[in-house]
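Participant: Quick one: this structure, given as structure tokens, is what I'll be asking you about.
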Amino acid sequence: RREAETQMALNKVMKDVDNADSKEIAYKSCFTKEKIGIGGIIPNPLNFLPEPTYAMENWKKDTEFARQFFNGVNPVMIEVANDPLRQLPKSMINHFGEKKLKELAEKNQLLFVSYDDLADLNVNPHQSFPLPMNNESANREPAPQDHPKYFYAPIVTFIYDYGTNELDVLGIQLERTDDARVYTKNTSGENEWLFVKCQVANADSSMHQWVSHLGKTHLAMEPHIIAIYNTLRQA
């Protein structure tokens, strides 16, 4: 019975997604309702995928973005900047000043993430999506497959506020040159700042999936675990 009820709920979700008038409505339709019935007063016994209200309301906030580096899926990248003049790039030091960075470091308030492994990746000379999905040309035909896609290797600095017990973004650098621009919330447009944070999230996801998940988990540890399970005597 439970399986049949769950399947009915899934069918309802898929129908709502297919009939959605926009991508935003389709996204919201993926989640089950907390309350059902006329007026929405009856608790839904099949609320197996509730709407992530907190994430949807706070995902644009810098403090929530920064919190993910402690509490997100990839909390192994962030480091304390004990020696910012050695650990941070020249452009970041020039932007914020040696004095400020040293003071933050001495108070253990300065942290950073540097995606150094991604800096060696070259421009990827093909589209991100299959050919039929690249309708970018003026005549709505598939765009040429030679549009380069760039892999950024960001460097992010954070400041920790002991008063609020929160981590916040100090600055973000996308490129690896001595004169690279350092983006901050106060010096960037709203959409520009959001774009820069999205590039960081993309880099973080790449490192997590390819290195921590695939590399260290499946390719490095999994063969040993399977071998131990298949070879050693079970208790």
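By convention in this document, the chains of the structure tokens carry letters A, B, ... by their order, each chain's residues are numbered from 1, and ligands are numbered from 1 in the order they are shown.
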Would you tabulate, counting only C-alpha atoms, all residues of range 4-106 of chain A that have an atom at most 12 Å from an atom of range 210-230 of chain A, showing the closest pair of atoms and their distance in Å to one decimal, sorted by chain then ascending number, as a Markdown table?
Facilitator:
```
| residue | atom | partner | partner_atom | distance |
| --- | --- | --- | --- | --- |
| A:Val73 | CA | A:His213 | CA | 10.1 |
| A:Asn74 | CA | A:Ser212 | CA | 8.1 |
| A:Pro75 | CA | A:Ser212 | CA | 10.4 |
| A:Val76 | CA | A:Ser212 | CA | 8.8 |
| A:Met77 | CA | A:Ser212 | CA | 10.2 |
```
Participant: Can you list every residue in range 3-186 of chain A that DSSP puts in strand (DSSP E or B), as a ChimeraX atom specification?
Facilitator: /A:32,35-36,42-43,50,79-80,110-114,124,149,155-161,166-173,182-183
Participant: Take the residues just selected and output them with N, CA and C atoms as a short mmCIF file (atom, residue, chain, number, x, y, z; two decimals), in the first residue's frame.
Facilitator:
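Okay, selection.cif is ready:
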```cif
data_model
loop_
_atom_site.label_atom_id
_atom_site.label_comp_id
_atom_site.auth_asym_id
_atom_site.auth_seq_id
_atom_site.Cartn_x
_atom_site.Cartn_y
_atom_site.Cartn_z
N THR A 32 6.88 18.14 -2.58
CA THR A 32 5.56 17.77 -2.08
C THR A 32 5.07 18.82 -1.08
N LYS A 35 0.89 20.57 3.59
CA LYS A 35 -0.54 20.41 3.92
C LYS A 35 -1.33 20.20 2.63
N ILE A 36 -2.38 19.45 2.70
CA ILE A 36 -3.22 19.18 1.53
C ILE A 36 -4.68 19.38 1.90
N ILE A 42 -4.88 19.84 6.11
CA ILE A 42 -4.64 18.44 6.47
C ILE A 42 -3.17 18.11 6.25
N PRO A 43 -2.46 17.60 7.26
CA PRO A 43 -1.05 17.21 7.09
C PRO A 43 -0.92 16.15 6.00
N PRO A 50 9.91 17.68 1.06
CA PRO A 50 9.42 19.02 1.38
C PRO A 50 10.24 20.11 0.71
N GLU A 79 40.68 27.02 4.34
CA GLU A 79 41.86 27.05 5.20
C GLU A 79 41.93 28.37 5.96
N VAL A 80 42.64 28.33 7.08
CA VAL A 80 42.91 29.56 7.82
C VAL A 80 44.14 30.22 7.21
N LEU A 110 40.77 35.54 9.25
CA LEU A 110 40.95 35.47 7.80
C LEU A 110 41.05 34.02 7.35
N LEU A 111 40.18 33.63 6.43
CA LEU A 111 40.19 32.29 5.86
C LEU A 111 40.15 32.42 4.35
N PHE A 112 40.52 31.36 3.66
CA PHE A 112 40.52 31.42 2.20
C PHE A 112 40.34 30.03 1.59
N VAL A 113 39.93 30.04 0.33
CA VAL A 113 39.83 28.83 -0.50
C VAL A 113 40.50 29.13 -1.82
N SER A 114 41.37 28.23 -2.27
CA SER A 114 42.07 28.43 -3.54
C SER A 114 41.99 27.15 -4.36
N ASN A 124 37.99 24.97 -22.77
CA ASN A 124 37.33 23.78 -23.31
C ASN A 124 36.60 24.18 -24.59
N LYS A 149 34.46 27.52 -23.75
CA LYS A 149 33.94 27.62 -22.39
C LYS A 149 35.13 27.66 -21.43
N ILE A 155 39.91 32.19 -6.30
CA ILE A 155 40.49 32.31 -4.97
C ILE A 155 39.52 33.18 -4.17
N VAL A 156 39.08 32.68 -3.04
CA VAL A 156 38.07 33.37 -2.23
C VAL A 156 38.63 33.63 -0.85
N THR A 157 38.46 34.86 -0.37
CA THR A 157 38.84 35.17 1.01
C THR A 157 37.58 35.42 1.82
N PHE A 158 37.63 34.97 3.06
CA PHE A 158 36.50 35.11 3.98
C PHE A 158 36.95 35.83 5.25
N ILE A 159 36.01 36.47 5.91
CA ILE A 159 36.26 37.09 7.19
C ILE A 159 35.29 36.50 8.21
N TYR A 160 35.83 36.09 9.35
CA TYR A 160 35.00 35.49 10.39
C TYR A 160 34.66 36.53 11.45
N ASP A 161 33.37 36.66 11.74
CA ASP A 161 32.89 37.62 12.73
C ASP A 161 32.58 36.86 14.02
N GLU A 166 29.54 34.25 12.43
CA GLU A 166 29.24 33.98 11.03
C GLU A 166 30.47 34.23 10.16
N LEU A 167 30.53 33.50 9.08
CA LEU A 167 31.56 33.68 8.07
C LEU A 167 30.98 34.51 6.93
N ASP A 168 31.74 35.47 6.43
CA ASP A 168 31.26 36.31 5.34
C ASP A 168 32.33 36.39 4.25
N VAL A 169 31.92 36.76 3.06
CA VAL A 169 32.84 36.84 1.93
C VAL A 169 33.57 38.18 1.96
N LEU A 170 34.89 38.14 1.88
CA LEU A 170 35.68 39.36 1.82
C LEU A 170 35.92 39.77 0.36
N GLY A 171 36.38 38.83 -0.45
CA GLY A 171 36.62 39.12 -1.86
C GLY A 171 36.80 37.85 -2.66
N ILE A 172 36.60 37.96 -3.97
CA ILE A 172 36.72 36.81 -4.88
C ILE A 172 37.55 37.22 -6.09
N GLN A 173 38.52 36.38 -6.42
CA GLN A 173 39.33 36.58 -7.62
C GLN A 173 39.13 35.38 -8.53
N VAL A 182 39.69 41.87 -8.32
CA VAL A 182 39.16 41.30 -7.09
C VAL A 182 37.73 41.82 -6.92
N TYR A 183 36.79 40.92 -6.95
CA TYR A 183 35.38 41.29 -6.84
C TYR A 183 34.96 41.34 -5.37
#
```
Participant: Could you work out how far CA of Asn202 in chain A lies from CA of Ala180 in chain A, giving the answer in Å with one decimal?
Facilitator: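 Taking CA of Ala180 in chain A and CA of Asn202 in chain A, their separation equals 19.2 Å.
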Participant: Rank A:Asp16, A:Glu106, A:Asp204, A:Glu3 by their smallest atom-to-atom distance to Leu46 in chain A, using only C-alpha atoms, and report the top residue only.
Facilitator: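 Closest residue, counting only C-alpha atoms: A:Glu3.
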Participant: Tell me which protein, DNA and RNA residues are within 9 Å of Asp62 in chain A, counting only C-alpha atoms, leaving out same-chain ones fewer than 2 positions away, and put them as an NGL selection string.
Facilitator: :A and (58-60 or 64-67 or 167-169 or 185 or 197)
Participant: Residues within 12 Å of Glu5 in chain A, please, as a ChimeraX atom specification. Count only C-alpha atoms; anything in the same chain fewer than 6 positions from it doesn't count.
Facilitator: /A:11-12,44-48
Participant: So, counting only C-alpha atoms, which residue among A:Gly39, A:Pro52, A:Tyr115, A:Gln7 is closest to Tyr27 in chain A?
Facilitator: A:Pro52
Participant: Residues near Ala26 in chain A, anyone? I mean within 10 Å using only C-alpha atoms, not counting same-chain ones fewer than 4 positions away, as a ChimeraX atom specification.
Facilitator: /A:13-22,30-31
Participant: Can you spit out the residues from that selection as a short mmCIF file (atom, residue, chain, number, x, y, z; two decimals), in the first residue's frame, using N, CA and C atoms?
Facilitator:
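Resulting contents of out25.cif:
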```
data_model
loop_
_atom_site.label_atom_id
_atom_site.label_comp_id
_atom_site.auth_asym_id
_atom_site.auth_seq_id
_atom_site.Cartn_x
_atom_site.Cartn_y
_atom_site.Cartn_z
N VAL A 13 3.43 14.71 -8.82
CA VAL A 13 4.55 15.65 -8.94
C VAL A 13 4.98 15.77 -10.40
N MET A 14 5.13 14.65 -11.09
CA MET A 14 5.57 14.66 -12.49
C MET A 14 4.55 15.36 -13.38
N LYS A 15 3.28 15.18 -13.09
CA LYS A 15 2.23 15.85 -13.87
C LYS A 15 2.29 17.35 -13.68
N ASP A 16 2.51 17.79 -12.42
CA ASP A 16 2.61 19.22 -12.14
C ASP A 16 3.84 19.83 -12.83
N VAL A 17 4.93 19.08 -12.87
CA VAL A 17 6.15 19.56 -13.52
C VAL A 17 5.92 19.70 -15.03
N ASP A 18 5.30 18.70 -15.63
CA ASP A 18 5.05 18.72 -17.07
C ASP A 18 4.10 19.84 -17.47
N ASN A 19 3.17 20.20 -16.59
CA ASN A 19 2.17 21.22 -16.92
C ASN A 19 2.58 22.62 -16.47
N ALA A 20 3.76 22.75 -15.93
CA ALA A 20 4.21 24.05 -15.42
C ALA A 20 4.41 25.04 -16.56
N ASP A 21 4.09 26.29 -16.30
CA ASP A 21 4.20 27.34 -17.32
C ASP A 21 5.58 27.97 -17.36
N SER A 22 6.41 27.73 -16.38
CA SER A 22 7.75 28.30 -16.35
C SER A 22 8.69 27.34 -15.62
N CYS A 30 8.42 20.25 -8.02
CA CYS A 30 9.15 19.03 -7.69
C CYS A 30 8.97 18.63 -6.23
N PHE A 31 8.53 19.56 -5.40
CA PHE A 31 8.44 19.30 -3.96
C PHE A 31 7.00 19.00 -3.55
#
```
Participant: Take CA of Pro84 in chain A and CA of Leu104 in chain A and report the distance between them in Å, one decimal.
Facilitator: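 Distance between the two atoms: 9.3 Å.
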Participant: Write out as a count of residues only the set of residues from range 16-229 of chain A that DSSP, computed on the backbone, places in alpha helix (DSSP H).
Facilitator: 72
Participant: Restricting the calculation to only C-alpha atoms, which member of A:Arg181, A:Glu57, A:Val196, A:Glu34 is positioned closest to Asn94 in chain A?
Facilitator: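 Nearest to Asn94 in chain A: A:Arg181.
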